[in-house]
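K.L.:
This structure is in structure tokens; I'll ask about it shortly.
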Amino acid sequence: MEGDVSAAAAARYQPASPPRDACVYNSCYCEENIWKLCEYIKNHDQYPLEECYAVFISNERKMDYHVVLLHVSSGGQSFIYDLDTVLPFPCPFDTYVEDAFKSDEDIHPQFRRKFRVIRADSYLKNFASDRSHMKDSSGNWREPPPSYPCIETGGEPRMLSQRGFPSLCR
């Protein structure tokens, strides 16, 4: 019964973004992709920006990270926007958690997930990057940068640390 209610709520949900293939997307720049998605939501005013969060997913070793958008819908169901998944876009939160994550019991403790949740309005206001974390020691791009300029928010860039987890605090 609960699954039927969840599926019905998901069917009525109007996405906060354009379809996945119409979103700003650059491979390996998930933090910028989500910043651009937050910007879209703010500019289109379909949902209050206060319902949205940038979610950084990393681990104790800070070996890798990923960023998704969480929309905590006032309609009662939450959705994840992940431009790098084969799951639906947007994906109901419960479905995403069940299908995207393995149990922590199956993961070595140093690689267990840690989450950092940042309100979308704060993310838009405070995140900036000079993309230096995407260059190797010789200054060459590890992956081609987006065609648009670096995201600058008026202050000192809140760059991703060399170890892969964002430093976003002022």
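Residues in the structure tokens are numbered from 1 in each chain, the chains being A, B, ... in the order shown, and ligands are numbered from 1 in the order shown.
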Please return as a count of residues only: the residues of stretch 16-159 of chain A that backbone DSSP assigns to alpha helix (DSSP H).

P.N.:
30

K.L.:
I want to know what sits within 9 Å of A:Thr153, based on only C-alpha atoms, with residues of the same chain fewer than 4 positions away left out; could you give that as a CSV table (one decimal) with N, CA, C and O atoms, in the first residue's frame?

P.N.:
chain,number,residue,atom,x,y,z
A,124,LEU,N,24.1,28.8,-3.3
A,124,LEU,CA,24.2,29.8,-4.4
A,124,LEU,C,25.0,31.1,-3.9
A,124,LEU,O,25.7,31.7,-4.7
A,125,LYS,N,24.8,31.4,-2.7
A,125,LYS,CA,25.5,32.6,-2.1
A,125,LYS,C,27.0,32.4,-1.9
A,125,LYS,O,27.8,33.4,-2.1
A,126,ASN,N,27.4,31.2,-1.4
A,126,ASN,CA,28.7,31.0,-0.9
A,126,ASN,C,29.6,30.2,-1.7
A,126,ASN,O,30.8,30.2,-1.5
A,127,PHE,N,29.1,29.3,-2.6
A,127,PHE,CA,30.0,28.4,-3.3
A,127,PHE,C,30.6,29.2,-4.5
A,127,PHE,O,30.0,29.9,-5.2
A,128,ALA,N,31.9,29.0,-4.7
A,128,ALA,CA,32.7,29.4,-5.8
A,128,ALA,C,33.8,28.5,-6.0
A,128,ALA,O,34.3,27.8,-5.1
A,157,PRO,N,37.0,32.3,-3.5
A,157,PRO,CA,36.4,31.1,-3.9
A,157,PRO,C,36.4,30.0,-2.8
A,157,PRO,O,37.3,29.9,-2.0

K.L.:
Taking 5 positions as the minimum chain separation for residues in the same chain, which residues sit within 12 Å of stretch 33-47 of chain A when counting only C-alpha atoms? Answer as JSON, numbers by chain.

P.N.:
{"A": [13, 14, 15, 16, 17, 18, 19, 20, 22, 23, 24, 25, 26, 27, 28, 52, 53, 54, 55, 56, 66, 67, 68, 69, 70, 71, 72, 73, 74, 75, 80, 81, 82, 83, 84, 90, 118, 119, 120, 121, 122, 123, 124, 125, 126, 127, 128, 129, 145, 146, 148, 150, 151, 152, 153]}

K.L.:
Please compute the atom CA of A:Cys91-atom CA of A:Arg113 distance, one decimal, in Å.

P.N.:
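For atom CA of A:Cys91 relative to atom CA of A:Arg113, the distance reads 19.5 Å.
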
K.L.:
Go ahead and compute the interatomic distance for atom CA of A:Ile57 and atom CA of A:Phe111, in Å to one decimal.

P.N.:
11.0 Å

K.L.:
If you count only C-alpha atoms, which residues fall within 8 Å of A:Arg112, apart from same-chain ones fewer than 5 positions away, as a PyMOL selection string?

P.N.:
chain A and resi 59-60+104+107

K.L.:
Mind dumping the selected residues with all heavy atoms as a PDB file, in the first residue's frame?

P.N.:
ATOM      1  N   ASN A  59      33.363  10.474   1.968  1.00  0.00           N
ATOM      2  CA  ASN A  59      33.704   9.469   2.976  1.00  0.00           C
ATOM      3  C   ASN A  59      34.831   9.999   3.858  1.00  0.00           C
ATOM      4  O   ASN A  59      35.385  11.065   3.591  1.00  0.00           O
ATOM      5  CB  ASN A  59      34.086   8.137   2.315  1.00  0.00           C
ATOM      6  CG  ASN A  59      35.212   8.299   1.325  1.00  0.00           C
ATOM      7  OD1 ASN A  59      36.275   8.815   1.641  1.00  0.00           O
ATOM      8  ND2 ASN A  59      34.988   7.868   0.093  1.00  0.00           N
ATOM      9  N   GLU A  60      35.129   9.263   4.907  1.00  0.00           N
ATOM     10  CA  GLU A  60      36.140   9.679   5.884  1.00  0.00           C
ATOM     11  C   GLU A  60      37.487   9.967   5.220  1.00  0.00           C
ATOM     12  O   GLU A  60      38.184  10.901   5.579  1.00  0.00           O
ATOM     13  CB  GLU A  60      36.299   8.593   6.953  1.00  0.00           C
ATOM     14  CG  GLU A  60      37.164   8.995   8.118  1.00  0.00           C
ATOM     15  CD  GLU A  60      36.522  10.073   8.981  1.00  0.00           C
ATOM     16  OE1 GLU A  60      35.291  10.047   9.175  1.00  0.00           O
ATOM     17  OE2 GLU A  60      37.261  10.950   9.461  1.00  0.00           O
ATOM     18  N   ASP A 104      25.820   0.146   4.614  1.00  0.00           N
ATOM     19  CA  ASP A 104      27.137   0.470   5.185  1.00  0.00           C
ATOM     20  C   ASP A 104      27.865  -0.780   5.665  1.00  0.00           C
ATOM     21  O   ASP A 104      29.090  -0.795   5.745  1.00  0.00           O
ATOM     22  CB  ASP A 104      26.990   1.454   6.346  1.00  0.00           C
ATOM     23  CG  ASP A 104      27.061   2.901   5.894  1.00  0.00           C
ATOM     24  OD1 ASP A 104      27.370   3.146   4.719  1.00  0.00           O
ATOM     25  OD2 ASP A 104      26.813   3.779   6.734  1.00  0.00           O
ATOM     26  N   ILE A 107      30.464  -1.948   3.261  1.00  0.00           N
ATOM     27  CA  ILE A 107      31.501  -0.985   2.894  1.00  0.00           C
ATOM     28  C   ILE A 107      32.532  -0.888   4.016  1.00  0.00           C
ATOM     29  O   ILE A 107      32.172  -0.796   5.190  1.00  0.00           O
ATOM     30  CB  ILE A 107      30.872   0.406   2.636  1.00  0.00           C
ATOM     31  CG1 ILE A 107      29.836   0.314   1.511  1.00  0.00           C
ATOM     32  CG2 ILE A 107      31.944   1.431   2.301  1.00  0.00           C
ATOM     33  CD1 ILE A 107      29.037   1.586   1.308  1.00  0.00           C
TER      34      ILE A 107
END
